[in-house]
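Shown below: start_27.txt, with compact mmCIF, C-alpha atoms and all ligand atoms.
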```
# COMPACT_ATOMS: atom_id res chain seq x y z
CA MET A 278 10.28 -5.82 12.36
CA LYS A 279 10.25 -9.41 13.59
CA ILE A 280 6.70 -10.65 14.11
CA ALA A 281 4.99 -13.90 15.09
CA MET A 282 1.35 -14.54 14.20
CA LEU A 283 -0.46 -17.22 16.14
CA GLY A 284 -4.00 -18.52 16.51
CA PRO A 285 -6.07 -21.66 16.02
CA VAL A 286 -6.31 -23.53 12.75
CA GLY A 287 -8.56 -21.73 10.27
CA VAL A 288 -8.49 -18.36 12.05
CA GLY A 289 -6.81 -16.75 9.03
CA LYS A 290 -3.08 -16.60 9.83
CA GLY A 291 -2.03 -17.58 6.30
CA THR A 292 -4.64 -15.30 4.70
CA GLN A 293 -3.53 -12.29 6.72
CA ILE A 294 0.20 -12.90 6.50
CA GLN A 295 0.12 -13.19 2.73
CA ARG A 296 -1.64 -9.78 2.56
CA ILE A 297 0.58 -8.09 5.11
CA SER A 298 3.84 -9.50 3.80
CA GLU A 299 2.96 -8.33 0.28
CA ARG A 300 1.92 -4.88 1.50
CA LEU A 301 4.96 -4.32 3.75
CA ASN A 302 7.47 -6.47 1.88
CA TYR A 303 8.08 -8.82 4.76
CA THR A 304 9.11 -12.45 4.42
CA ARG A 305 6.56 -15.06 5.52
CA LEU A 306 7.99 -18.02 7.37
CA ALA A 307 5.31 -20.69 7.87
CA THR A 308 6.23 -23.88 9.70
CA GLY A 309 3.23 -25.60 8.08
CA ASP A 310 4.66 -24.77 4.62
CA LEU A 311 8.09 -26.08 5.63
CA VAL A 312 6.48 -29.34 6.75
CA ARG A 313 4.37 -29.58 3.55
CA ARG A 314 7.46 -28.93 1.38
CA HIS A 315 9.24 -31.95 2.89
CA ILE A 316 6.17 -34.15 2.49
CA GLU A 317 5.65 -33.11 -1.14
CA ALA A 318 9.35 -33.59 -1.96
CA GLY A 319 9.17 -37.10 -0.43
CA THR A 320 12.30 -36.55 1.69
CA GLU A 321 13.10 -38.95 4.51
CA LEU A 322 12.01 -36.29 7.00
CA GLY A 323 8.84 -35.72 4.94
CA ARG A 324 7.91 -39.39 5.22
CA GLU A 325 8.40 -39.13 8.99
CA LEU A 326 6.20 -36.01 9.22
CA LYS A 327 3.36 -37.15 6.94
CA ASP A 328 1.45 -39.04 9.64
CA TYR A 329 1.59 -36.19 12.16
CA TYR A 330 0.46 -33.76 9.47
CA GLU A 331 -2.45 -35.78 8.13
CA ARG A 332 -3.69 -36.55 11.66
CA GLY A 333 -3.54 -32.84 12.64
CA GLU A 334 -0.97 -33.55 15.35
CA PRO A 335 1.91 -31.21 16.14
CA VAL A 336 5.23 -32.38 14.74
CA PRO A 337 7.98 -32.79 17.39
CA ASP A 338 9.47 -29.53 18.70
CA ASP A 339 13.07 -30.43 17.83
CA VAL A 340 12.09 -31.09 14.19
CA VAL A 341 10.24 -27.77 13.98
CA MET A 342 13.31 -25.99 15.33
CA GLU A 343 15.53 -27.67 12.72
CA LEU A 344 13.23 -26.38 9.99
CA VAL A 345 13.01 -22.84 11.38
CA ARG A 346 16.62 -22.24 12.48
CA PRO A 347 18.20 -21.54 9.05
CA ASN A 348 15.48 -19.02 8.23
CA LEU A 349 15.84 -16.63 11.18
CA ASN A 350 17.73 -13.99 9.24
CA PRO A 351 18.87 -11.30 11.69
CA ALA A 352 18.85 -8.54 9.06
CA GLY A 353 15.44 -9.41 7.61
CA ALA A 354 11.89 -8.34 8.34
CA TRP A 355 9.77 -11.45 8.72
CA ILE A 356 6.53 -12.84 10.04
CA LEU A 357 6.43 -16.28 11.61
CA ASP A 358 3.21 -18.11 10.73
CA GLY A 359 1.94 -20.62 13.29
CA PHE A 360 5.20 -20.71 15.21
CA PRO A 361 6.00 -20.92 18.11
CA ARG A 362 3.01 -23.03 19.11
CA THR A 363 4.30 -24.80 22.24
CA MET A 364 6.14 -23.39 25.27
CA ALA A 365 9.13 -25.56 24.32
CA GLN A 366 9.19 -23.80 20.93
CA VAL A 367 8.84 -20.40 22.66
CA HIS A 368 11.97 -21.05 24.73
CA ALA A 369 13.91 -22.57 21.85
CA LEU A 370 13.05 -19.54 19.70
CA ASP A 371 14.21 -17.17 22.46
CA GLU A 372 17.55 -18.99 22.53
CA GLU A 373 17.97 -18.75 18.76
CA LEU A 374 17.08 -15.06 18.70
CA GLU A 375 19.45 -14.31 21.57
CA LYS A 376 22.31 -15.98 19.68
CA ARG A 377 21.61 -13.55 16.83
CA SER A 378 21.19 -10.53 19.20
CA ILE A 379 17.64 -9.93 17.99
CA SER A 380 14.17 -10.30 19.50
CA LEU A 381 10.52 -10.40 18.47
CA ASP A 382 8.94 -6.95 18.18
CA LYS A 383 5.34 -8.12 18.22
CA VAL A 384 3.28 -11.26 18.69
CA ILE A 385 -0.18 -11.07 17.12
CA ILE A 386 -2.78 -13.60 18.23
CA LEU A 387 -5.86 -13.91 16.05
CA GLU A 388 -8.99 -14.90 17.99
CA GLY A 389 -12.74 -14.76 17.67
CA PRO A 390 -14.55 -17.52 15.82
CA ASN A 391 -15.45 -20.58 17.89
CA ASP A 392 -14.26 -24.10 17.00
CA GLU A 393 -17.34 -24.94 14.90
CA GLU A 394 -16.96 -21.72 12.91
CA LEU A 395 -13.25 -22.41 12.35
CA ILE A 396 -13.95 -25.92 11.09
CA GLU A 397 -16.73 -24.56 8.85
CA ARG A 398 -14.39 -21.97 7.32
CA ILE A 399 -12.05 -24.72 6.20
CA THR A 400 -14.35 -27.57 5.27
CA SER A 401 -16.83 -25.31 3.44
CA GLY A 402 -14.33 -24.12 0.84
CA ARG A 403 -10.68 -23.48 1.68
CA ARG A 404 -8.53 -23.72 -1.44
CA GLN A 405 -4.78 -23.33 -1.85
CA SER A 406 -3.06 -22.39 -5.09
CA LEU A 407 -0.50 -24.93 -6.23
CA ALA A 408 1.21 -22.15 -8.22
CA THR A 409 1.64 -19.51 -5.50
CA GLY A 410 0.70 -21.18 -2.20
CA ARG A 411 -1.92 -18.46 -1.57
CA VAL A 412 -4.97 -19.40 0.46
CA TYR A 413 -8.52 -18.63 -0.69
CA HIS A 414 -12.11 -19.51 0.18
CA THR A 415 -14.64 -20.30 -2.51
CA GLU A 416 -17.16 -17.92 -0.88
CA TYR A 417 -15.39 -15.59 1.61
CA ASP A 418 -12.21 -14.85 -0.38
CA PRO A 419 -12.59 -16.37 -3.86
CA PRO A 420 -9.64 -17.27 -6.09
CA PRO A 421 -9.15 -14.97 -9.12
CA GLU A 422 -10.72 -15.86 -12.47
CA PRO A 423 -8.28 -17.44 -14.99
CA GLY A 424 -8.31 -14.30 -17.21
CA GLU A 425 -7.18 -11.97 -14.39
CA GLY A 426 -3.60 -13.22 -14.57
CA ARG A 427 -3.02 -12.84 -10.81
CA ASP A 428 -2.74 -16.50 -9.85
CA PRO A 429 -3.02 -19.32 -12.37
CA GLY A 430 -3.85 -22.00 -9.74
CA PRO A 431 -4.96 -24.80 -9.79
CA PHE A 432 -6.78 -24.28 -6.49
CA VAL A 433 -6.91 -27.45 -4.42
CA GLN A 434 -7.90 -28.71 -0.97
CA ARG A 435 -5.13 -29.51 1.53
CA ASP A 436 -4.61 -33.12 2.65
CA ASP A 437 -5.19 -32.16 6.32
CA ASP A 438 -8.51 -30.36 5.63
CA LYS A 439 -10.54 -33.07 7.32
CA GLU A 440 -12.81 -32.51 10.30
CA GLU A 441 -11.17 -35.13 12.51
CA ALA A 442 -7.67 -33.71 11.92
CA LEU A 443 -8.92 -30.16 12.47
CA ARG A 444 -10.46 -31.09 15.84
CA ARG A 445 -7.17 -32.67 16.93
CA GLU A 446 -5.29 -29.56 15.89
CA LEU A 447 -7.66 -27.31 17.82
CA GLU A 448 -7.23 -29.47 20.91
CA ALA A 449 -3.42 -29.30 20.68
CA TYR A 450 -3.62 -25.54 20.19
CA ARG A 451 -5.82 -24.96 23.26
CA GLU A 452 -3.45 -26.96 25.47
CA GLU A 453 -0.64 -24.43 24.94
CA ALA A 454 -2.33 -21.20 23.85
CA GLU A 455 -3.01 -19.57 27.22
CA LYS A 456 0.56 -20.11 28.50
CA ILE A 457 2.00 -18.64 25.30
CA LYS A 458 -0.35 -15.68 25.49
CA GLU A 459 0.61 -14.96 29.11
CA TYR A 460 4.30 -15.25 28.32
CA TYR A 461 4.24 -12.66 25.52
CA ASP A 462 1.81 -10.45 27.43
CA GLU A 463 4.31 -10.27 30.31
CA GLN A 464 6.96 -9.22 27.81
CA GLY A 465 4.70 -6.39 26.62
CA ILE A 466 4.73 -7.45 22.97
CA LEU A 467 1.33 -9.17 22.67
CA ALA A 468 -1.59 -7.88 20.61
CA VAL A 469 -4.84 -9.81 20.30
CA VAL A 470 -6.79 -9.07 17.11
CA ASN A 471 -10.44 -9.94 16.48
CA ALA A 472 -10.48 -12.36 13.54
CA ASP A 473 -14.27 -12.61 13.53
CA GLN A 474 -14.60 -9.89 10.87
CA ASP A 475 -14.24 -9.71 7.11
CA VAL A 476 -10.73 -10.37 5.79
CA PRO A 477 -9.84 -6.69 4.93
CA GLU A 478 -11.00 -5.45 8.35
CA VAL A 479 -8.79 -7.98 10.12
CA THR A 480 -5.85 -6.82 7.97
CA GLU A 481 -6.40 -3.18 8.98
CA ASP A 482 -6.59 -4.10 12.68
CA ILE A 483 -3.31 -6.00 12.39
CA ILE A 484 -1.59 -3.06 10.68
CA GLU A 485 -2.85 -0.83 13.50
CA ALA A 486 -1.62 -3.28 16.16
CA LEU A 487 1.80 -3.22 14.48
CA GLY A 488 1.83 0.59 14.78
CA TYR A 489 1.51 1.27 11.02
CA PRO A 490 5.02 0.11 10.06
CA GLU A 491 6.65 1.66 7.02
CA GLU A 492 6.62 -0.30 3.79
CA ARG A 493 10.05 -1.77 3.06
CA ALA A 494 11.71 -1.38 -0.34
CA PRO A 495 11.16 -4.49 -2.49
CA ARG A 496 13.93 -7.06 -2.26
CA ALA A 497 16.42 -6.84 -5.13
P1 LIG B 501 -0.30 -25.05 9.44
O1 LIG B 501 -0.14 -25.15 7.98
O2 LIG B 501 0.43 -24.02 10.20
O3 LIG B 501 -1.82 -24.94 9.68
P2 LIG B 501 -2.62 -24.30 10.90
O4 LIG B 501 -1.93 -23.58 11.95
O5 LIG B 501 -3.37 -25.46 11.32
O6 LIG B 501 -3.40 -23.18 10.23
P3 LIG B 501 -4.04 -23.17 8.85
O7 LIG B 501 -3.02 -22.85 7.79
O8 LIG B 501 -4.82 -24.45 8.62
O9 LIG B 501 -5.10 -22.03 9.05
P4 LIG B 501 -4.87 -20.46 9.04
O10 LIG B 501 -5.04 -19.88 10.39
O11 LIG B 501 -3.63 -20.10 8.29
O12 LIG B 501 -6.16 -20.03 8.23
P5 LIG B 501 -6.29 -19.70 6.66
O13 LIG B 501 -5.71 -18.37 6.35
O14 LIG B 501 -5.87 -20.87 5.83
O15 LIG B 501 0.02 -26.45 10.16
C1 LIG B 501 -0.33 -27.68 9.58
C2 LIG B 501 0.32 -28.83 10.33
O16 LIG B 501 1.76 -28.70 10.27
C3 LIG B 501 0.00 -28.95 11.82
O17 LIG B 501 -1.14 -29.70 12.04
C4 LIG B 501 1.25 -29.70 12.34
O18 LIG B 501 1.20 -31.08 12.01
C5 LIG B 501 2.37 -29.07 11.52
N1 LIG B 501 2.94 -27.87 12.15
C6 LIG B 501 2.99 -26.61 11.60
N2 LIG B 501 3.59 -25.75 12.43
C7 LIG B 501 3.93 -26.45 13.55
C8 LIG B 501 4.57 -26.09 14.76
N3 LIG B 501 5.00 -24.85 14.99
N4 LIG B 501 4.72 -27.07 15.70
C9 LIG B 501 4.31 -28.32 15.48
N5 LIG B 501 3.71 -28.73 14.34
C10 LIG B 501 3.51 -27.80 13.37
O19 LIG B 501 -7.88 -19.52 6.60
C11 LIG B 501 -8.74 -20.64 6.67
C12 LIG B 501 -9.91 -20.47 5.67
O20 LIG B 501 -10.76 -19.41 6.13
C13 LIG B 501 -9.45 -20.07 4.26
O21 LIG B 501 -10.28 -20.67 3.31
C14 LIG B 501 -9.64 -18.54 4.24
O22 LIG B 501 -9.89 -18.06 2.92
C15 LIG B 501 -10.82 -18.35 5.17
N6 LIG B 501 -10.77 -17.10 5.93
C16 LIG B 501 -9.65 -16.50 6.44
N7 LIG B 501 -9.98 -15.38 7.11
C17 LIG B 501 -11.34 -15.31 7.03
C18 LIG B 501 -12.30 -14.37 7.54
N8 LIG B 501 -11.93 -13.28 8.25
N9 LIG B 501 -13.62 -14.62 7.31
C19 LIG B 501 -14.01 -15.71 6.58
N10 LIG B 501 -13.16 -16.61 6.06
C20 LIG B 501 -11.85 -16.41 6.29
```
Mind turning the file's structure into structure tokens?
Amino acid sequence: MKIAMLGPVGVGKGTQIQRISERLNYTRLATGDLVRRHIEAGTELGRELKDYYERGEPVPDDVVMELVRPNLNPAGAWILDGFPRTMAQVHALDEELEKRSISLDKVIILEGPNDEELIERITSGRRQSLATGRVYHTEYDPPPEPGEGRDPGPFVQRDDDKEEALRRELEAYREEAEKIKEYYDEQGILAVVNADQDVPEVTEDIIEALGYPEERAPRA
């Protein structure tokens, strides 16, 4: 299956995709991670993207497409995380998929919490593991204890986890979200899932919206 998962910052896209991709053996393709990788590696592109990222502003569509293009494996099963998030990206993605004779099977939009609740989720305790990239919350989805051996951490805050940047990101999201929703609804591939529930309940609703796909064999 080829899936895109969208929704405002903090709604739980990363949290859900890491669970679903592990359970079904799908590849997660997160544009935010691709941007962060360039910034952390200090590439020329990374230096260009740092300001957008830290301000919570969308990076230019053509740059996003450059990052995504090599990863759209026609034979794979993948979930796009936070992409496409503008109508220009929607159309550019359609073009890329058409070239590969494939299409999206499902677009999941996570919705529910209001802006203040989304900001609270992040500023009150989001942590990301430097070892695995997994997202946690100190209260709602705590990182494992060191002895458990699941994820050694360390668990740190992201550089863009600041209220001002989050508000900018929410504003940019709202400008495009309704058009994107309508577009995929017209194509008959949209499912809206209530993200205002505990993490495991959201996961089950997503699996149901995907039609209970079969688990894929682990990659060799
Ligand atoms: P990106 O990294 O994609 O961030 P985002 O979309 O802003 O989303 P987040 O990762 O911040 O939130 P999330 O929905 O994944 O929530 P999470 O699971 O972490 O983008 C960052 C930047 O990169 C952008 O600002 C832009 O500059 C650039 N960029 C990326 N893609 C782009 C694109 N396509 N076009 C242009 N620019 C792009 O959960 C949040 C917290 O809540 C966690 O602590 C989690 O544990 C907790 N939580 C999750 N679910 C629940 C729940 N059900 N109940 C309680 N707590 C929960």
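Nearest to Ile385 in chain A of all the residues A:Ile356, A:Val345, A:Ala318, A:Val412 is A:Ile356, based on all atoms listed in the file.
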- Query: Counting all atoms listed in the file, which protein, DNA or RNA residues come within 7 Å of ligand LIG 501 (chain B), given as a ChimeraX atom specification?
  - Reply: /A:284-293,307-310,312,329-330,333-338,341,358-363,398-399,402-404,412-414,417-418,446,472-476,479
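Proximity to Glu492 in chain A was assessed for A:Arg305, A:Arg445, A:Arg300, A:Arg451 counting all atoms listed in the file; the smallest distance is recorded for A:Arg300.
In this model, the gap between CA of Met278 in chain A and CA of Asp382 in chain A comes to 6.1 Å.
Taking CA of Ile280 in chain A as the reference point, CA of Ala354 in chain A is found at 8.1 Å.
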If you count all atoms listed in the file, which residues fall within 9 Å of Glu491 in chain A, apart from same-chain ones fewer than 2 positions away, as a PDB file with C-alpha atoms, in the coordinates of the input?
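And here is the file that came out, around_32.pdb:
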```pdb
ATOM      1  CA  LEU A 301       4.960  -4.320   3.750  1.00  0.00           C
ATOM      2  CA  TYR A 489       1.510   1.270  11.020  1.00  0.00           C
ATOM      3  CA  ARG A 493      10.050  -1.770   3.060  1.00  0.00           C
TER       4      ARG A 493
END
```
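The spacing separating CA of Arg435 in chain A from CA of Met364 in chain A amounts to 27.0 Å.
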- Message: For Glu459 in chain A, find every residue with an atom within 12 Å (counting all atoms listed in the file), except residues of its own chain fewer than 5 positions away, and show them as JSON, numbers by chain.
- Response: {"A": [364, 367, 384, 386, 453, 454, 464, 465, 466, 467, 468, 469]}
- Note on the structure: Shortest contact to Glu416 in chain A, candidates A:Asn391, A:Ser401, A:Thr320, A:Gln434, atoms counted only C-alpha atoms, goes to A:Ser401
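Counting all atoms listed in the file and comparing A:Leu283, A:Asp328, A:Ile483, A:Arg314, the residue that lies closest to Leu344 in chain A is A:Arg314.
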Using all atoms of range 278-282 of chain A that appear in the file, construct an axis-aligned enclosing box with 8 Å of padding on every side and provide its centre coordinates and edge lengths in Å, rounded to one decimal, as lines of an AutoDock Vina configuration file.
```
center_x = 5.8
center_y = -10.2
center_z = 13.7
size_x = 24.9
size_y = 24.7
size_z = 18.7
```
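Distances here use only C-alpha atoms; by that measure, the residue among A:Glu485, A:Asp392, A:Asp339, A:Glu299 closest to Leu447 in chain A is A:Asp392.
Between Gly410 in chain A and the residues A:Glu343, A:Asp482, A:Glu452, A:Asp428, the shortest atom-to-atom distance, using all atoms listed in the file, involves A:Asp428.
Using all atoms listed in the file, the residues found no farther than 9 Å from Lys327 in chain A, other than those of its own chain fewer than 5 positions away, are A:Val312, A:Arg313, A:His315, A:Ile316, A:Leu322, A:Arg332.
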Repair of range 391-417 of chain A at the level of N, CA and C atoms, as an mmCIF file, keeping the file's coordinate frame:
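Wrote it out as out.cif, contents follow:
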```cif
data_model
loop_
_atom_site.group_PDB
_atom_site.id
_atom_site.type_symbol
_atom_site.label_atom_id
_atom_site.label_comp_id
_atom_site.auth_asym_id
_atom_site.auth_seq_id
_atom_site.Cartn_x
_atom_site.Cartn_y
_atom_site.Cartn_z
ATOM 1 N N ASN A 391 -15.542 -19.388 17.047
ATOM 2 C CA ASN A 391 -15.450 -20.580 17.890
ATOM 3 C C ASN A 391 -15.035 -21.794 17.039
ATOM 4 N N ASP A 392 -14.818 -22.934 17.699
ATOM 5 C CA ASP A 392 -14.260 -24.100 17.000
ATOM 6 C C ASP A 392 -15.127 -24.521 15.808
ATOM 7 N N GLU A 393 -16.452 -24.498 16.005
ATOM 8 C CA GLU A 393 -17.340 -24.940 14.900
ATOM 9 C C GLU A 393 -17.211 -23.996 13.712
ATOM 10 N N GLU A 394 -17.096 -22.699 14.006
ATOM 11 C CA GLU A 394 -16.960 -21.720 12.910
ATOM 12 C C GLU A 394 -15.619 -21.895 12.190
ATOM 13 N N LEU A 395 -14.571 -22.215 12.955
ATOM 14 C CA LEU A 395 -13.250 -22.410 12.350
ATOM 15 C C LEU A 395 -13.270 -23.628 11.425
ATOM 16 N N ILE A 396 -13.880 -24.705 11.899
ATOM 17 C CA ILE A 396 -13.950 -25.920 11.090
ATOM 18 C C ILE A 396 -14.782 -25.653 9.827
ATOM 19 N N GLU A 397 -15.869 -24.884 10.005
ATOM 20 C CA GLU A 397 -16.730 -24.560 8.850
ATOM 21 C C GLU A 397 -15.967 -23.765 7.804
ATOM 22 N N ARG A 398 -15.150 -22.796 8.260
ATOM 23 C CA ARG A 398 -14.390 -21.970 7.320
ATOM 24 C C ARG A 398 -13.539 -22.847 6.392
ATOM 25 N N ILE A 399 -12.960 -23.881 6.986
ATOM 26 C CA ILE A 399 -12.050 -24.720 6.200
ATOM 27 C C ILE A 399 -12.797 -25.735 5.354
ATOM 28 N N THR A 400 -13.713 -26.469 6.006
ATOM 29 C CA THR A 400 -14.350 -27.570 5.270
ATOM 30 C C THR A 400 -15.336 -27.050 4.225
ATOM 31 N N SER A 401 -15.829 -25.819 4.400
ATOM 32 C CA SER A 401 -16.830 -25.310 3.440
ATOM 33 C C SER A 401 -16.188 -24.774 2.173
ATOM 34 N N GLY A 402 -14.843 -24.610 2.130
ATOM 35 C CA GLY A 402 -14.330 -24.120 0.840
ATOM 36 C C GLY A 402 -12.920 -23.573 0.836
ATOM 37 N N ARG A 403 -12.065 -23.970 1.794
ATOM 38 C CA ARG A 403 -10.680 -23.480 1.680
ATOM 39 C C ARG A 403 -10.029 -24.078 0.444
ATOM 40 N N ARG A 404 -9.305 -23.262 -0.272
ATOM 41 C CA ARG A 404 -8.530 -23.720 -1.440
ATOM 42 C C ARG A 404 -7.144 -23.095 -1.367
ATOM 43 N N GLN A 405 -6.138 -23.862 -1.803
ATOM 44 C CA GLN A 405 -4.780 -23.330 -1.850
ATOM 45 C C GLN A 405 -4.273 -23.428 -3.282
ATOM 46 N N SER A 406 -3.580 -22.384 -3.717
ATOM 47 C CA SER A 406 -3.060 -22.390 -5.090
ATOM 48 C C SER A 406 -1.778 -23.202 -5.142
ATOM 49 N N LEU A 407 -1.734 -24.142 -6.067
ATOM 50 C CA LEU A 407 -0.500 -24.930 -6.230
ATOM 51 C C LEU A 407 0.600 -24.068 -6.852
ATOM 52 N N ALA A 408 0.208 -23.001 -7.560
ATOM 53 C CA ALA A 408 1.210 -22.150 -8.220
ATOM 54 C C ALA A 408 1.862 -21.197 -7.235
ATOM 55 N N THR A 409 1.085 -20.578 -6.356
ATOM 56 C CA THR A 409 1.640 -19.510 -5.500
ATOM 57 C C THR A 409 1.590 -19.842 -4.015
ATOM 58 N N GLY A 410 0.853 -20.852 -3.626
ATOM 59 C CA GLY A 410 0.700 -21.180 -2.200
ATOM 60 C C GLY A 410 -0.343 -20.319 -1.504
ATOM 61 N N ARG A 411 -0.937 -19.352 -2.211
ATOM 62 C CA ARG A 411 -1.920 -18.460 -1.570
ATOM 63 C C ARG A 411 -3.174 -19.240 -1.167
ATOM 64 N N VAL A 412 -3.769 -18.763 -0.067
ATOM 65 C CA VAL A 412 -4.970 -19.400 0.460
ATOM 66 C C VAL A 412 -6.200 -18.595 0.040
ATOM 67 N N TYR A 413 -7.278 -19.290 -0.312
ATOM 68 C CA TYR A 413 -8.520 -18.630 -0.690
ATOM 69 C C TYR A 413 -9.689 -19.368 -0.031
ATOM 70 N N HIS A 414 -10.881 -18.817 -0.217
ATOM 71 C CA HIS A 414 -12.110 -19.510 0.180
ATOM 72 C C HIS A 414 -13.108 -19.308 -0.942
ATOM 73 N N THR A 415 -13.769 -20.387 -1.340
ATOM 74 C CA THR A 415 -14.640 -20.300 -2.510
ATOM 75 C C THR A 415 -15.708 -19.201 -2.344
ATOM 76 N N GLU A 416 -16.122 -18.934 -1.096
ATOM 77 C CA GLU A 416 -17.160 -17.920 -0.880
ATOM 78 C C GLU A 416 -16.604 -16.631 -0.252
ATOM 79 N N TYR A 417 -15.796 -16.769 0.822
ATOM 80 C CA TYR A 417 -15.390 -15.590 1.610
ATOM 81 C C TYR A 417 -14.210 -14.820 0.999
#
```
